[in-house]
Every structure is written in structure tokens, then in C-alpha cells.
$ cat data_6.cif   # mmCIF, C-alpha atoms
data_coords
#
loop_
_atom_site.label_atom_id
_atom_site.label_comp_id
_atom_site.auth_asym_id
_atom_site.auth_seq_id
_atom_site.Cartn_x
_atom_site.Cartn_y
_atom_site.Cartn_z
CA MET A 1 89.26 183.83 -28.00
CA THR A 2 86.73 186.22 -26.47
CA PHE A 3 85.45 189.63 -27.48
CA LEU A 4 87.59 191.17 -24.75
CA SER A 5 90.75 189.63 -26.19
CA LEU A 6 89.69 190.75 -29.67
CA ALA A 7 89.18 194.27 -28.32
CA LEU A 8 92.64 194.15 -26.76
CA ILE A 9 94.15 193.10 -30.09
CA ALA A 10 92.34 195.92 -31.90
CA VAL A 11 93.55 198.46 -29.33
CA VAL A 12 97.21 197.45 -29.36
CA ALA A 13 97.16 197.28 -33.17
CA LEU A 14 96.67 201.07 -33.12
CA ALA A 15 100.38 201.20 -32.34
CA GLY A 16 100.88 200.68 -36.08
CA PRO A 17 99.44 203.97 -37.33
CA LEU A 18 100.70 205.83 -34.25
CA LEU A 19 104.29 204.77 -34.90
CA ALA A 20 103.93 205.53 -38.62
CA LEU A 21 102.39 208.96 -37.95
CA PRO A 22 105.62 211.02 -38.18
CA VAL A 23 106.04 211.36 -41.95
CA ARG A 24 109.78 212.01 -41.73
CA TRP A 25 110.36 208.53 -40.23
CA ARG A 26 108.72 206.76 -43.19
CA LEU A 27 108.02 203.68 -41.05
CA PRO A 28 105.49 201.09 -42.28
CA VAL A 29 102.30 200.62 -40.28
CA VAL A 30 103.01 196.91 -39.92
CA LEU A 31 106.04 197.60 -37.74
CA GLY A 32 103.99 198.94 -34.82
CA GLU A 33 101.49 196.09 -35.12
CA LEU A 34 104.27 193.51 -34.94
CA LEU A 35 105.78 195.24 -31.91
CA ALA A 36 102.37 195.36 -30.23
CA GLY A 37 101.98 191.61 -30.70
CA ILE A 38 105.42 191.05 -29.21
CA VAL A 39 104.46 193.07 -26.13
CA ILE A 40 101.23 191.17 -25.40
CA GLY A 41 102.42 187.76 -26.61
CA ARG A 42 104.97 185.10 -25.65
CA THR A 43 107.87 187.54 -25.39
CA GLY A 44 106.05 190.04 -23.18
CA LEU A 45 102.94 189.92 -21.04
CA SER A 46 101.34 186.70 -22.41
CA LEU A 47 97.92 188.37 -22.54
CA VAL A 48 96.91 186.47 -25.69
CA ASP A 49 97.48 182.90 -26.82
CA ALA A 50 98.81 182.67 -30.38
CA GLY A 51 97.85 179.00 -30.41
CA ASP A 52 94.13 179.73 -29.98
CA PRO A 53 92.35 178.17 -33.02
CA THR A 54 90.06 181.17 -33.55
CA PHE A 55 92.97 183.60 -33.31
CA SER A 56 94.98 181.49 -35.75
CA LEU A 57 92.10 181.25 -38.24
CA LEU A 58 91.51 185.01 -38.22
CA ALA A 59 95.25 185.55 -38.59
CA ASN A 60 95.41 183.25 -41.62
CA ILE A 61 92.50 185.07 -43.24
CA GLY A 62 94.32 188.33 -42.61
CA PHE A 63 97.51 186.86 -44.06
CA ALA A 64 95.73 185.83 -47.26
CA LEU A 65 94.13 189.27 -47.57
CA MET A 66 97.44 191.06 -46.97
CA MET A 67 99.15 189.04 -49.69
CA PHE A 68 96.15 189.65 -51.98
CA VAL A 69 96.50 193.42 -51.51
CA ALA A 70 100.28 193.11 -52.08
CA GLY A 71 99.57 191.32 -55.36
CA THR A 72 97.22 194.06 -56.52
CA HIS A 73 100.06 196.56 -55.98
CA VAL A 74 102.19 194.92 -58.69
CA PRO A 75 101.67 197.20 -61.74
CA VAL A 76 101.24 194.45 -64.32
CA ARG A 77 99.07 196.67 -66.56
CA ASP A 78 101.52 199.58 -66.67
CA PRO A 79 102.97 199.87 -70.23
CA GLN A 80 106.18 201.38 -68.83
CA ILE A 81 106.70 198.34 -66.64
CA ARG A 82 106.25 196.03 -69.61
CA SER A 83 108.86 197.91 -71.64
CA ALA A 84 111.32 197.73 -68.71
CA LEU A 85 110.80 194.03 -68.01
CA GLY A 86 114.00 193.00 -69.79
CA LYS A 87 116.24 195.28 -67.75
CA GLY A 88 114.32 194.54 -64.58
CA PHE A 89 114.65 190.80 -65.18
CA GLY A 90 118.40 191.17 -65.66
CA GLN A 91 118.77 193.08 -62.41
CA ALA A 92 116.60 190.58 -60.51
CA ALA A 93 118.59 187.67 -61.97
CA ALA A 94 121.88 189.30 -60.94
CA ALA A 95 120.59 189.80 -57.39
CA GLY A 96 119.38 186.20 -57.36
CA PHE A 97 122.78 184.88 -58.44
CA ALA A 98 124.56 186.89 -55.74
CA ALA A 99 121.96 185.74 -53.20
CA ALA A 100 122.61 182.09 -54.13
CA VAL A 101 126.31 182.51 -53.36
CA VAL A 102 125.89 184.52 -50.16
CA GLY A 103 122.89 182.49 -48.90
CA THR A 104 124.70 179.19 -49.39
CA GLY A 105 127.68 180.56 -47.48
CA MET A 106 125.43 181.74 -44.65
CA GLY A 107 123.74 178.37 -44.44
CA LEU A 108 127.11 176.67 -44.08
CA ALA A 109 128.44 179.27 -41.63
CA PHE A 110 125.45 179.11 -39.26
CA GLY A 111 124.85 175.38 -39.69
CA THR A 112 121.05 175.70 -39.72
CA GLY A 113 120.49 173.69 -42.89
CA HIS A 114 118.29 176.51 -44.22
CA ALA A 115 120.51 177.83 -47.01
CA PRO A 116 117.66 177.71 -49.61
CA LEU A 117 115.54 179.90 -47.32
CA TYR A 118 118.35 182.44 -46.92
CA VAL A 119 118.83 182.57 -50.70
CA VAL A 120 115.16 183.43 -51.19
CA LEU A 121 115.24 186.08 -48.45
CA LEU A 122 118.42 187.73 -49.76
CA ALA A 123 117.03 187.90 -53.30
CA SER A 124 113.57 189.13 -52.36
CA SER A 125 112.09 192.59 -52.69
CA SER A 126 108.68 193.84 -51.55
CA ALA A 127 106.47 195.59 -54.09
CA ALA A 128 104.07 196.44 -51.27
CA MET A 129 106.90 198.32 -49.52
CA VAL A 130 108.76 199.86 -52.46
CA LEU A 131 105.85 201.08 -54.62
CA PRO A 132 104.23 203.25 -51.91
CA ILE A 133 107.63 204.89 -51.29
CA VAL A 134 108.06 205.52 -55.02
CA ASP A 135 104.56 207.01 -55.23
CA SER A 136 104.82 209.15 -52.10
CA LEU A 137 108.18 210.62 -53.19
CA ARG A 138 107.00 210.98 -56.83
CA LEU A 139 110.05 209.13 -58.13
CA GLY A 140 110.17 208.71 -61.89
CA GLY A 141 112.38 208.17 -64.92
CA PRO A 142 113.66 205.12 -66.83
CA LYS A 143 115.90 203.89 -64.02
CA VAL A 144 113.05 204.07 -61.50
CA VAL A 145 110.78 202.16 -63.88
CA ALA A 146 113.45 199.47 -64.37
CA MET A 147 113.88 199.22 -60.59
CA THR A 148 110.12 198.85 -60.18
CA ALA A 149 110.06 196.03 -62.73
CA GLN A 150 112.95 194.34 -60.92
CA VAL A 151 111.10 194.54 -57.59
CA ALA A 152 107.90 193.11 -59.10
CA ILE A 153 109.76 190.19 -60.70
CA ALA A 154 111.72 189.41 -57.53
CA ASP A 155 108.59 189.63 -55.39
CA VAL A 156 106.65 187.17 -57.54
CA ALA A 157 109.56 184.73 -57.91
CA CYS A 158 110.44 184.67 -54.21
CA ILE A 159 106.84 184.24 -53.06
CA VAL A 160 106.53 181.21 -55.36
CA ALA A 161 109.90 179.82 -54.21
CA LEU A 162 109.44 180.37 -50.47
CA PRO A 163 107.26 177.31 -49.68
CA LEU A 164 109.73 175.11 -51.57
CA ALA A 165 112.73 176.59 -49.75
CA LEU A 166 111.19 176.33 -46.29
CA ASP A 167 110.47 172.61 -46.42
CA PRO A 168 112.82 170.97 -48.97
CA PRO A 169 111.90 167.35 -48.04
CA ASN A 170 108.32 168.08 -49.15
CA ALA A 171 109.29 170.35 -52.05
CA GLY A 172 107.71 168.01 -54.62
CA ARG A 173 104.36 168.04 -52.86
CA ALA A 174 104.57 171.81 -52.41
CA ALA A 175 105.43 172.27 -56.08
CA LEU A 176 102.32 170.33 -57.12
CA GLY A 177 100.22 172.40 -54.74
CA ALA A 178 101.72 175.61 -56.12
CA LEU A 179 100.97 174.46 -59.68
CA ALA A 180 97.36 173.74 -58.69
CA VAL A 181 97.00 177.21 -57.17
CA GLY A 182 98.58 178.77 -60.27
CA ALA A 183 96.29 176.85 -62.62
CA CYS A 184 93.20 177.93 -60.67
CA ALA A 185 94.41 181.54 -60.64
CA ILE A 186 94.88 181.48 -64.43
CA ALA A 187 91.38 180.05 -64.88
CA ILE A 188 89.96 182.80 -62.66
CA PHE A 189 91.83 185.40 -64.73
CA PHE A 190 90.20 184.28 -67.98
CA VAL A 191 86.75 184.20 -66.37
CA LEU A 192 87.12 187.69 -64.86
CA ARG A 193 88.57 189.09 -68.09
CA SER A 194 85.63 187.69 -70.03
CA LEU A 195 83.16 189.27 -67.60
CA GLU A 196 85.04 192.58 -67.88
CA ARG A 197 85.05 192.59 -71.67
CA SER A 198 81.37 191.61 -71.94
CA GLY A 199 80.34 194.45 -69.64
CA ALA A 200 78.83 192.05 -67.08
CA ARG A 201 81.15 193.31 -64.36
CA ARG A 202 80.13 196.94 -64.93
CA ARG A 203 76.43 196.05 -64.88
CA MET A 204 76.92 194.16 -61.63
CA HIS A 205 78.87 197.12 -60.25
CA ARG A 206 76.01 199.54 -60.98
CA LEU A 207 73.45 197.19 -59.47
CA SER A 208 75.57 196.63 -56.39
CA GLU A 209 76.20 200.36 -55.91
CA ASN A 210 72.54 201.29 -56.38
CA ARG A 211 71.20 198.54 -54.12
CA LYS A 212 74.10 198.54 -51.58
CA PHE A 213 74.75 194.84 -52.14
CA ALA A 214 78.60 194.92 -52.04
CA LEU A 215 78.50 192.12 -54.63
CA GLU A 216 82.05 192.67 -55.90
CA LEU A 217 83.52 192.40 -52.44
CA ARG A 218 81.50 189.27 -51.68
CA ILE A 219 82.53 187.58 -54.92
CA GLN A 220 86.21 188.50 -54.49
CA LEU A 221 86.22 187.06 -50.98
CA VAL A 222 84.55 183.86 -52.20
CA LEU A 223 87.24 183.44 -54.87
CA LEU A 224 90.05 184.27 -52.43
CA PHE A 225 88.83 181.79 -49.82
CA ALA A 226 88.28 179.11 -52.47
CA LEU A 227 91.83 179.60 -53.75
CA ALA A 228 93.11 179.48 -50.16
CA GLY A 229 91.22 176.21 -49.75
CA VAL A 230 93.02 174.80 -52.81
CA ALA A 231 96.31 175.95 -51.26
CA ASN A 232 95.54 174.21 -47.97
CA PHE A 233 94.56 171.03 -49.79
CA GLY A 234 97.81 171.17 -51.77
CA HIS A 235 99.86 171.75 -48.59
CA VAL A 236 101.07 175.22 -49.59
CA SER A 237 100.63 178.49 -47.76
CA VAL A 238 97.61 180.75 -48.23
CA MET A 239 100.28 183.37 -48.98
CA LEU A 240 100.59 182.00 -52.52
CA ALA A 241 96.81 181.90 -52.96
CA GLY A 242 96.40 185.51 -51.84
CA PHE A 243 99.27 186.86 -53.93
CA SER A 244 98.24 184.91 -57.05
CA PHE A 245 94.69 186.19 -56.84
CA GLY A 246 96.01 189.73 -56.28
CA LEU A 247 98.03 189.48 -59.50
CA VAL A 248 94.92 188.27 -61.33
CA VAL A 249 92.86 191.22 -60.12
CA ALA A 250 95.71 193.62 -60.97
CA ALA A 251 95.90 192.16 -64.49
CA VAL A 252 92.14 192.45 -65.07
CA GLY A 253 91.84 195.86 -63.40
CA GLU A 254 90.62 196.53 -59.87
CA PRO A 255 87.66 198.91 -59.48
CA ARG A 256 88.44 201.79 -57.11
CA ARG A 257 85.40 201.11 -54.96
CA LEU A 258 86.46 197.49 -54.49
CA ALA A 259 90.00 198.60 -53.67
CA ARG A 260 88.66 200.85 -50.91
CA GLN A 261 86.48 198.06 -49.52
CA LEU A 262 89.35 195.58 -49.48
CA PHE A 263 91.62 198.15 -47.88
CA ALA A 264 89.08 198.59 -45.09
CA VAL A 265 88.72 194.85 -44.49
CA SER A 266 92.43 194.06 -44.75
CA ASP A 267 94.26 197.06 -43.31
CA GLY A 268 91.53 198.01 -40.88
CA PHE A 269 90.76 194.63 -39.31
CA LEU A 270 92.15 191.29 -40.45
CA GLY A 271 95.63 192.42 -41.48
CA PRO A 272 96.40 193.91 -38.03
CA ILE A 273 95.08 190.73 -36.40
CA PHE A 274 97.57 188.68 -38.43
CA LEU A 275 100.50 190.94 -37.57
CA VAL A 276 99.63 191.04 -33.87
CA TRP A 277 99.28 187.24 -33.96
CA LEU A 278 102.67 186.92 -35.64
CA GLY A 279 104.29 189.17 -33.05
CA ALA A 280 102.54 187.27 -30.25
CA SER A 281 103.79 183.93 -31.60
CA LEU A 282 107.42 185.07 -31.54
CA ASN A 283 109.57 184.53 -28.48
CA LEU A 284 112.34 187.09 -28.68
CA ARG A 285 113.74 185.72 -25.45
CA ASP A 286 115.12 182.95 -27.63
CA LEU A 287 117.38 185.57 -29.22
CA ALA A 288 118.93 186.31 -25.84
CA GLY A 289 119.70 182.64 -25.41
CA HIS A 290 120.92 182.28 -29.00
CA PRO A 291 123.18 185.23 -29.86
CA ASP A 292 124.06 183.47 -33.11
CA MET A 293 120.49 184.19 -34.25
CA ILE A 294 121.04 187.91 -33.65
CA VAL A 295 124.10 187.67 -35.88
CA LEU A 296 122.01 185.75 -38.44
CA GLY A 297 119.37 188.49 -38.50
CA LEU A 298 121.99 191.21 -38.91
CA SER A 299 123.69 189.20 -41.64
CA LEU A 300 120.42 188.71 -43.56
CA GLY A 301 119.52 192.38 -43.38
CA LEU A 302 122.94 193.76 -44.25
CA GLY A 303 123.50 191.05 -46.85
CA THR A 304 120.25 191.96 -48.63
CA VAL A 305 121.18 195.65 -48.69
CA LEU A 306 124.70 194.92 -49.98
CA ILE A 307 123.48 192.54 -52.69
CA HIS A 308 120.99 195.06 -54.03
CA SER A 309 123.53 197.87 -53.71
CA GLY A 310 125.78 195.82 -55.98
CA LEU A 311 123.26 196.29 -58.80
CA ARG A 312 125.05 199.59 -59.32
CA ALA A 313 127.38 197.54 -61.55
CA PHE A 314 124.34 196.92 -63.81
CA GLY A 315 123.47 200.60 -64.11
CA LEU A 316 121.09 200.94 -61.16
CA PRO A 317 122.00 204.00 -59.05
CA LEU A 318 122.99 203.24 -55.48
CA PRO A 319 119.94 204.90 -53.77
CA LEU A 320 117.57 202.94 -56.02
CA GLY A 321 119.47 199.72 -55.40
CA VAL A 322 119.18 200.12 -51.63
CA LEU A 323 115.53 201.10 -52.00
CA SER A 324 114.87 197.89 -53.97
CA ALA A 325 116.20 195.87 -51.01
CA ALA A 326 113.12 196.69 -48.91
CA GLN A 327 111.39 193.51 -47.88
CA LEU A 328 108.56 192.58 -45.57
CA GLY A 329 106.05 190.13 -47.04
CA VAL A 330 108.52 187.30 -47.70
CA PRO A 331 110.29 187.46 -44.28
CA VAL A 332 106.95 187.77 -42.49
CA ALA A 333 105.62 184.82 -44.49
CA ALA A 334 108.77 182.81 -43.77
CA ALA A 335 108.46 183.46 -40.03
CA SER A 336 104.74 182.63 -40.07
CA ILE A 337 104.95 179.48 -42.20
CA GLY A 338 108.13 178.30 -40.50
CA THR A 339 106.47 178.66 -37.10
CA GLN A 340 103.43 176.71 -38.22
CA LEU A 341 105.54 173.93 -39.78
CA HIS A 342 107.96 173.84 -36.81
CA VAL A 343 110.93 173.82 -39.19
CA LEU A 344 112.79 176.85 -37.77
CA LEU A 345 115.32 176.76 -34.97
CA PRO A 346 114.67 178.62 -31.68
CA GLY A 347 114.99 182.34 -32.35
CA GLU A 348 115.30 181.90 -36.11
CA ASN A 349 111.85 183.35 -36.85
CA ALA A 350 112.77 186.49 -34.90
CA ALA A 351 116.08 186.65 -36.79
CA LEU A 352 114.21 186.71 -40.11
CA LEU A 353 112.14 189.69 -38.98
CA LEU A 354 115.23 191.46 -37.62
CA GLY A 355 116.77 191.21 -41.08
CA ALA A 356 113.61 192.66 -42.63
CA LEU A 357 113.63 195.62 -40.24
CA ILE A 358 117.19 196.45 -41.27
CA THR A 359 116.17 196.56 -44.95
CA ILE A 360 113.19 198.79 -44.11
CA ALA A 361 115.42 201.27 -42.27
CA ALA A 362 117.91 201.28 -45.14
CA SER A 363 115.21 201.74 -47.79
CA ALA A 364 113.64 204.65 -45.88
CA MET A 365 116.97 206.49 -45.90
CA ALA A 366 117.63 205.53 -49.53
CA GLY A 367 114.22 206.86 -50.56
CA SER A 368 115.12 210.29 -49.22
CA ARG A 369 118.40 210.22 -51.16
CA ALA A 370 116.67 209.01 -54.33
CA ALA A 371 114.15 211.86 -54.14
CA LYS A 372 116.96 214.38 -54.64
CA SER A 373 117.74 212.96 -58.10
CA PHE A 374 114.61 211.20 -59.29
CA ALA A 375 111.64 213.16 -57.88
CA GLN A 376 109.34 214.35 -60.67
CA PRO A 377 107.91 217.89 -60.71
CA VAL A 378 104.21 218.26 -59.93
CA ALA A 379 102.17 218.99 -63.03
CA ALA A 380 100.56 222.43 -63.10
CA GLY A 381 96.95 222.35 -62.01
CA SER A 382 97.22 218.90 -60.52
CA GLY A 383 96.15 220.21 -57.14
CA LYS A 384 98.78 218.16 -55.37
CA PRO A 385 101.10 219.74 -52.84
#
$ encode --input "data_6.cif" --output "C-alpha cells"
Amino acid sequence: MTFLSLALIAVVALAGPLLALPVRWRLPVVLGELLAGIVIGRTGLSLVDAGDPTFSLLANIGFALMMFVAGTHVPVRDPQIRSALGKGFGQAAAAGFAAAVVGTGMGLAFGTGHAPLYVVLLASSSAAMVLPIVDSLRLGGPKVVAMTAQVAIADVACIVALPLALDPPNAGRAALGALAVGACAIAIFFVLRSLERSGARRRMHRLSENRKFALELRIQLVLLFALAGVANFGHVSVMLAGFSFGLVVAAVGEPRRLARQLFAVSDGFLGPIFLVWLGASLNLRDLAGHPDMIVLGLSLGLGTVLIHSGLRAFGLPLPLGVLSAAQLGVPVAAASIGTQLHVLLPGENAALLLGALITIAASAMAGSRAAKSFAQPVAAGSGKP
């Protein structure tokens, strides 16, 4: 990789914010970055090589950071979420049971041998997708809180299960690696909580701010990379390391200044590199030669929406059920990890992303419908439009 190719990647990644610019479309920034990678990668002009070691390393760092930021978005400290955990768990369990039935049937119908992967995808929800929609539309009320809890539970469970579902023959090894990552994350939580309670973190924050040391950012990156190293040693994806550490930081409490710094590093640089790399590594021409994979992608997307719509039987209104079907991190991770492990069939990685795009489109429309019933009034004097 050269600086010119890096400049090209940075330029085409601007397609993300440009495509997301029209507010009425409610499209995620990542969509344009994926499409840009497709254009300059294997499917399109072949201007970049997704197999370049430097490109792959930067992409993996971006992947870990993206999953870290997604983990920090899970509102584990919110008292309302805690009170709604029971209902949210019930809804997530119901969606998981339906996903097990439908995913097993899809695995048999398509003959790919990847039924466990389809079960995880059908059951998954994306907190990083759903929570910004909830915040931007000011959705509130007990049913919205229960839906948020359901999404958080499903997100955590599916991210843990994904490495096991992708490579069942090595599930035992992956489970041990996942346990090692989880144990390290728990240890980090107790250390960070102790530093927070003793006031050491606040003293370090003041010193860093006064002297422009960026100590918090440096330390967080050290911990993230160390946890990613444990994940690599345990033969599990850095996805789990990033998300676990994000949950830890969310549980302890993330300083606003650190959140802004991480947003700049992740969303401004390394995250777009990962998404462009992922798009560049896909070969959508395989879909043309394998129409069954197009049907698979449509089935995954529509199946996810229908399963989550069925939660209406458990008291979740239809717009909120469809909104909870939004997924991105798990399908992107599945396509990325599956490509690296060479366990997916030709065109299957593109099919996974096609399914995710269908859920994003459905959730965008459902969010607009949900706002009519669940949008909260703006408090007087809040200064918000």
C-alpha cells in the first residue's frame, strides 16, 4: 500500500457521508463506504488490492475500533434499560427461537451447511444502528425502552455466538478463545472501575487536558490492542475484543472528551478504511453467476424483518418490531470473518450484506412510522429544534 492508494481510499470513503447527507433517507454512513469499496475493488475497477497486508492490518484495526464504538453505544448504565431487561430478554429469546427454526430451514433449503450462521443473522439486531435512530427521532415510552433492551441483548448474544457459528469444526477452540477475551474484559472492568472510584481517572484526565497528553486515548488504545492480541492468540475475531471492551467502557462510564477522540479516530479514519476494504474484498460478480445467493440474501433480509415483526404477538408494536430488525455489525463481521477464514461459498459474503441492506431499508421506514406514535415532546427551554 502506498500513500496514493491511501489517499484514494480516503477520497472514495467520502461517499459515505455524501450518501447519508439527505436526512429524509436516513441511510447509514457505512453504506456509501461499502459501495465505494465495491467500485474500486474486485467487483469494479480493481484499483486497490484487498489482500495487501498493510491494507488488511489497517482494516482489522478499524474493525476492532468500530466494534468498540458499537459496544459503547449499549446503554448498560441506563436504569430504564435495567428495569426492562426481563421483557427485552423475553422478546430476544422469542426472536431467537423463531430464528432457529427459520435459519435451520434455510440451511437445508440452500444446502450451504451454514444453518448456524443463518440462525445468528436472523436473530441479530444492531444497537449501533437502532439507538441512533431512536435518539434522532426522540422515541420514548415503556415499549421503546423494552425494544432497546431487546436489541442490546440480541446484539451481545449474536456477537458472542458468531465466531462459533461461522466455523463449527473449531467451535471448541473458538469458545475457549472467547472465554479468554471475556475474562480479560472483566478484569479490565474491575481495574477501570477502581480507578474511577478512587478519583485517579479524573486526576489523569485533568493532567492530560492541561498538558495536551491525550493519555486516556492512548491508554484505551493500548487496552483495545492488547485485548485484540488475546483474541488473535485464541483464534477468535477482533470483533469480540472490540465489542467486549466497548461494553466495559460503557459500564464504567465513557468521558465525553474520550468519546469525541475515539469518534474521530474510528469514524474519521480507520472505520472507513475497514468498510472500503470489506467492499473491495467482495466480488459481486459471483452473485451474477450464483442467482441462488441473491435469493439467499433476500431471504435473510426479509426473514429477519418478518421474525422481528412477529414480536407483535409479545406486545411489541409492529413499527418497533421492524425497527429492531436493523442489523449491520453482525452481517459485516460475518462477511469479513468468513472471507478471511475461506469458509463461505462464492457470493455468500455478498448475500449476507444484501440481507443487511434490506433490514436497514425496512428499519428506516419503520422509524418514521414509529415516530408518529412514540416521539416524545421536546422539553421547554431545552434549546433543541
$ closest_residue --input "data_6.cif" --among "A:Ala149, A:Ile307, A:Ala250, A:Ile40" --to "Val119 of chain A" --atoms "all atoms listed in the file"
A:Ile307
$ resolve_selection --input "data_6.cif" --expression "the PyMOL selection byres ((chain A and resi 131-143) around 10)" --output "MDAnalysis selection string"
chainID A and resid 26 28 73:75 80:81 83:84 87:88 126:130 144:149 151:152 315:317 320 323:324 363:364 367:368 370:378
$ resolve_selection --input "data_6.cif" --expression "the PyMOL selection byres ((chain A and resi 359) around 12)" --output "ChimeraX atom specification"
/A:27-28,121-122,124-126,129-130,297-309,321-328,331,352-358,360-367
$ atom_distance --input "data_6.cif" --atom1 "atom CA of His235 of chain A" --atom2 "atom CA of Asp267 of chain A"
26.5 Å
$ residues_around --input "data_6.cif" --residues "Leu34 of chain A" --least-positions-apart "3" --cutoff "10 Å" --atoms "only C-alpha atoms" --output "PyMOL selection string"
chain A and resi 12-13+15-16+29-31+37-39+272-280+282+332+353
$ closest_residue --input "data_6.cif" --among "A:Leu270, A:Cys184, A:Val191, A:Val238" --to "Leu58 of chain A" --atoms "all atoms listed in the file"
A:Leu270
$ atom_distance --input "data_6.cif" --atom1 "atom CA of Ser244 of chain A" --atom2 "atom CA of Ala165 of chain A"
18.2 Å
$ resolve_selection --input "data_6.cif" --expression "the PyMOL selection byres ((chain A and resi 247) around 12)" --output "PyMOL selection string"
chain A and resi 67-77+127+152-153+155-156+182+185-186+188-189+224+240-246+248-254
$ closest_residue --input "data_6.cif" --among "A:Ala161, A:Ala333, A:Leu166, A:Ala175" --to "Asn60 of chain A" --atoms "all atoms listed in the file"
A:Ala333
$ residues_around --input "data_6.cif" --residues "segment 345-349 of chain A" --least-positions-apart "2" --cutoff "6 Å" --atoms "all atoms listed in the file" --output "ChimeraX atom specification"
/A:286-287,293,335,351-352
$ atom_distance --input "data_6.cif" --atom1 "atom CA of Ser5 of chain A" --atom2 "atom CA of Val48 of chain A"
6.9 Å
$ closest_residue --input "data_6.cif" --among "A:Ala98, A:Leu57, A:Leu45, A:Ala226" --to "Gly310 of chain A" --atoms "all atoms listed in the file"
A:Ala98
$ axis_aligned_box --input "data_6.cif" --around "segment 347-365 of chain A" --padding-each-side "5 Å" --output "lines of an AutoDock Vina configuration file"
center_x = 114.9
center_y = 194.2
center_z = -40.1
size_x = 16.1
size_y = 34.6
size_z = 25.4
$ closest_residue --input "data_6.cif" --among "A:Met239, A:Ala350, A:Met204, A:Ala174" --to "Gly329 of chain A" --atoms "all atoms listed in the file"
A:Met239
